[in-house]
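J.: Okay, here's the structure, questions in a sec.
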Amino acid sequence: MEIDIFTLFPEAFGWFERQRHVANALSGGSRLGYVNYRDHTPLGAGQVDDTPFGGGAGMVLRVDVVDAALRARYDRDPVEVRAQRRVIALTPSGRVLDEALVGELAREPALTLLSGRYEGFDQRVVEHFASDELSIGRYVVAGGELPAMVVCDAVLRKLPGVLGDERSALEESFSEVLEGAPEYPHYTRPAEYRGWRVPEVLLSGHHARIRAWRLEQSRARAEGGPLP
Ligand SMILES: C[S@@+](CC[C@H](N)C(=O)[O-])C[C@H]1O[C@@H](n2cnc3c(N)ncnc32)[C@H](O)[C@@H]1O
């Protein structure tokens, strides 16, 4: 999997790349590439944004700047790039990321993530360069860097060999094994703490009963809450 992230703050990803599963993905052949819009701007003094037509607060990331950055990376007109790889504009109002979309993206050989800042992109970026608009949720964060990390994290952990224990990704919240339901609750030692006891079934050593209890809990959570 090859993921290119277009951003004004590539240094923000240093911590992210050091996370175990991300490092595993990278040493297993996946690649994260960064393109700083500012490095390719055709404007003077590193300018990348401008005031919005029609007035209003904030600055808008310019379409010519994003065009130049995509062109520099892919060596072709950016309107053609989205036919070859998914070019994803990160926006609060895009398709909301969920497990199905993560799975879909994890099957792609290559992705491009466009991070915005300030007021966001000139709409022509979304209309002419992007194949998808993706949101990490219906709220607004200051820039596309955290959303890009969320997408990369969720996608990379789906790749074979990335997690320490492959079973973690097979059976977790929203997985097929749990029929798309949230995962059941987990407990560890001590078995009793301040009078709060771990459910007896988990201490029984009876695997079939434990399995049945877990599936029951998972289904109950899907229906609106844990069982008493
Ligand atoms: C401050 S936001 C711009 C918000 C925009 N003015 C609006 O009201 O929709 C700056 C950038 O952060 C990113 N961003 C913020 N919230 C996001 C979210 N929930 N999902 C994906 N990207 C988001 C986008 O790349 C966006 O261009």
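Scheme for the structure tokens: letters A, B, ... for chains in order shown; per-chain residue numbers from 1; ligand numbers from 1 in order shown.
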Please identify all protein, DNA and RNA residues within 7 Å of ligand 1, counting only C-alpha atoms and all ligand atoms, and report them as a count of residues only.
T.: 25
J.: Mind listing the strand (DSSP E or B) residues of chain A, per DSSP on the backbone, as an NGL selection string?
T.: :A and (2-7 or 31-36 or 49-50 or 60-61 or 86-96 or 110-114 or 121 or 132-135 or 192-193 or 196-197)
J.: Would you please work out which residue, of A:Glu108, A:Asp49, A:Glu17, A:Asp4, is nearest to Val35 in chain A when using only C-alpha atoms?
T.: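 Closest to Val35 in chain A of all the choices is A:Asp4.
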J.: Which of these, A:Glu192, A:Glu200, A:Glu2, A:Glu183, has the shortest distance to Arg214 in chain A once you count only C-alpha atoms?
T.: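 Closest residue, counting only C-alpha atoms: A:Glu183.
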J.: Identify which of the residues A:Phe129, A:Tyr187, A:Trp213, A:Phe174 lies closest to Ala100 in chain A, counting only C-alpha atoms when measuring atom-to-atom distances.
T.: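 Residue with the minimum atom-to-atom distance to Ala100 in chain A: A:Phe174.
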J.: Near Asn36 in chain A, counting only C-alpha atoms, which residues have an atom at most 10 Å away, once you skip same-chain residues fewer than 2 positions from it, shown as a short mmCIF file (atom, residue, chain, number, x, y, z; two decimals) with all heavy atoms, in the first residue's frame?
T.:
data_model
loop_
_atom_site.label_atom_id
_atom_site.label_comp_id
_atom_site.auth_asym_id
_atom_site.auth_seq_id
_atom_site.Cartn_x
_atom_site.Cartn_y
_atom_site.Cartn_z
N ILE A 5 0.44 11.76 1.19
CA ILE A 5 -0.32 12.73 1.98
C ILE A 5 0.14 14.13 1.59
O ILE A 5 1.33 14.45 1.71
CB ILE A 5 -0.09 12.49 3.49
CG1 ILE A 5 -0.55 11.07 3.84
CG2 ILE A 5 -0.84 13.53 4.33
CD1 ILE A 5 0.04 10.53 5.11
N PHE A 6 -0.79 14.92 1.11
CA PHE A 6 -0.49 16.31 0.76
C PHE A 6 -0.87 17.17 1.97
O PHE A 6 -2.01 17.09 2.46
CB PHE A 6 -1.27 16.72 -0.49
CG PHE A 6 -0.72 16.11 -1.76
CD1 PHE A 6 -0.76 14.74 -1.96
CD2 PHE A 6 -0.14 16.91 -2.72
CE1 PHE A 6 -0.22 14.16 -3.11
CE2 PHE A 6 0.40 16.36 -3.88
CZ PHE A 6 0.36 14.98 -4.07
N THR A 7 0.06 17.97 2.41
CA THR A 7 -0.12 18.69 3.69
C THR A 7 0.79 19.91 3.74
O THR A 7 1.81 19.95 3.05
CB THR A 7 0.22 17.73 4.86
OG1 THR A 7 0.26 18.47 6.07
CG2 THR A 7 1.56 17.02 4.70
N LEU A 8 0.45 20.83 4.61
CA LEU A 8 1.37 21.94 4.89
C LEU A 8 2.28 21.60 6.07
O LEU A 8 3.19 22.35 6.39
CB LEU A 8 0.56 23.22 5.21
CG LEU A 8 -0.13 23.87 4.01
CD1 LEU A 8 -1.10 24.94 4.47
CD2 LEU A 8 0.90 24.45 3.04
N PHE A 9 1.99 20.47 6.73
CA PHE A 9 2.73 20.13 7.95
C PHE A 9 3.20 18.67 7.95
O PHE A 9 2.76 17.87 8.80
CB PHE A 9 1.85 20.41 9.18
CG PHE A 9 1.41 21.84 9.25
CD1 PHE A 9 0.14 22.21 8.82
CD2 PHE A 9 2.28 22.82 9.70
CE1 PHE A 9 -0.26 23.54 8.86
CE2 PHE A 9 1.89 24.15 9.74
CZ PHE A 9 0.61 24.52 9.32
N PRO A 10 4.09 18.30 7.05
CA PRO A 10 4.54 16.91 7.01
C PRO A 10 5.22 16.47 8.31
O PRO A 10 5.16 15.30 8.68
CB PRO A 10 5.54 16.87 5.83
CG PRO A 10 5.77 18.27 5.42
CD PRO A 10 4.68 19.12 5.98
N GLU A 11 5.81 17.44 9.02
CA GLU A 11 6.51 17.08 10.26
C GLU A 11 5.54 16.55 11.33
O GLU A 11 5.96 15.88 12.27
CB GLU A 11 7.33 18.27 10.80
CG GLU A 11 6.51 19.46 11.29
CD GLU A 11 6.00 20.39 10.17
OE1 GLU A 11 6.21 20.09 8.99
OE2 GLU A 11 5.36 21.41 10.52
N TYR A 34 5.05 12.18 1.63
CA TYR A 34 4.50 13.48 2.01
C TYR A 34 4.84 14.51 0.95
O TYR A 34 5.97 14.56 0.46
CB TYR A 34 5.08 13.94 3.36
CG TYR A 34 4.83 12.91 4.43
CD1 TYR A 34 5.82 11.98 4.76
CD2 TYR A 34 3.59 12.81 5.05
CE1 TYR A 34 5.58 10.99 5.70
CE2 TYR A 34 3.35 11.83 5.99
CZ TYR A 34 4.34 10.92 6.31
OH TYR A 34 4.10 9.94 7.23
N ARG A 38 3.47 23.84 0.02
CA ARG A 38 4.29 25.05 -0.04
C ARG A 38 5.55 24.86 -0.89
O ARG A 38 6.06 25.80 -1.48
CB ARG A 38 4.68 25.48 1.39
CG ARG A 38 4.68 26.97 1.58
CD ARG A 38 5.04 27.37 3.00
NE ARG A 38 4.04 27.14 4.00
CZ ARG A 38 2.94 27.86 4.16
NH1 ARG A 38 2.72 28.89 3.38
NH2 ARG A 38 2.08 27.57 5.11
N ASP A 39 6.02 23.61 -0.96
CA ASP A 39 7.24 23.36 -1.74
C ASP A 39 7.00 23.51 -3.24
O ASP A 39 7.95 23.54 -4.02
CB ASP A 39 7.73 21.92 -1.49
CG ASP A 39 8.28 21.75 -0.08
OD1 ASP A 39 8.57 22.78 0.57
OD2 ASP A 39 8.39 20.60 0.35
N HIS A 40 5.74 23.52 -3.66
CA HIS A 40 5.45 23.53 -5.10
C HIS A 40 4.61 24.72 -5.53
O HIS A 40 4.18 24.78 -6.68
CB HIS A 40 4.75 22.22 -5.48
CG HIS A 40 5.54 21.02 -5.09
ND1 HIS A 40 6.66 20.62 -5.79
CD2 HIS A 40 5.42 20.18 -4.03
CE1 HIS A 40 7.18 19.57 -5.18
NE2 HIS A 40 6.45 19.28 -4.12
N THR A 41 4.38 25.64 -4.61
CA THR A 41 3.49 26.75 -4.96
C THR A 41 4.09 27.59 -6.10
O THR A 41 5.28 27.90 -6.08
CB THR A 41 3.19 27.64 -3.73
OG1 THR A 41 2.36 28.71 -4.17
CG2 THR A 41 4.44 28.19 -3.08
N VAL A 66 -2.71 23.52 -5.25
CA VAL A 66 -2.93 22.08 -5.15
C VAL A 66 -2.63 21.43 -6.51
O VAL A 66 -2.03 20.35 -6.58
CB VAL A 66 -4.38 21.77 -4.68
CG1 VAL A 66 -4.62 20.27 -4.61
CG2 VAL A 66 -4.64 22.42 -3.32
N ALA A 69 1.11 21.02 -6.79
CA ALA A 69 1.66 19.98 -5.91
C ALA A 69 1.35 18.58 -6.48
O ALA A 69 2.22 17.70 -6.51
CB ALA A 69 1.08 20.13 -4.51
#
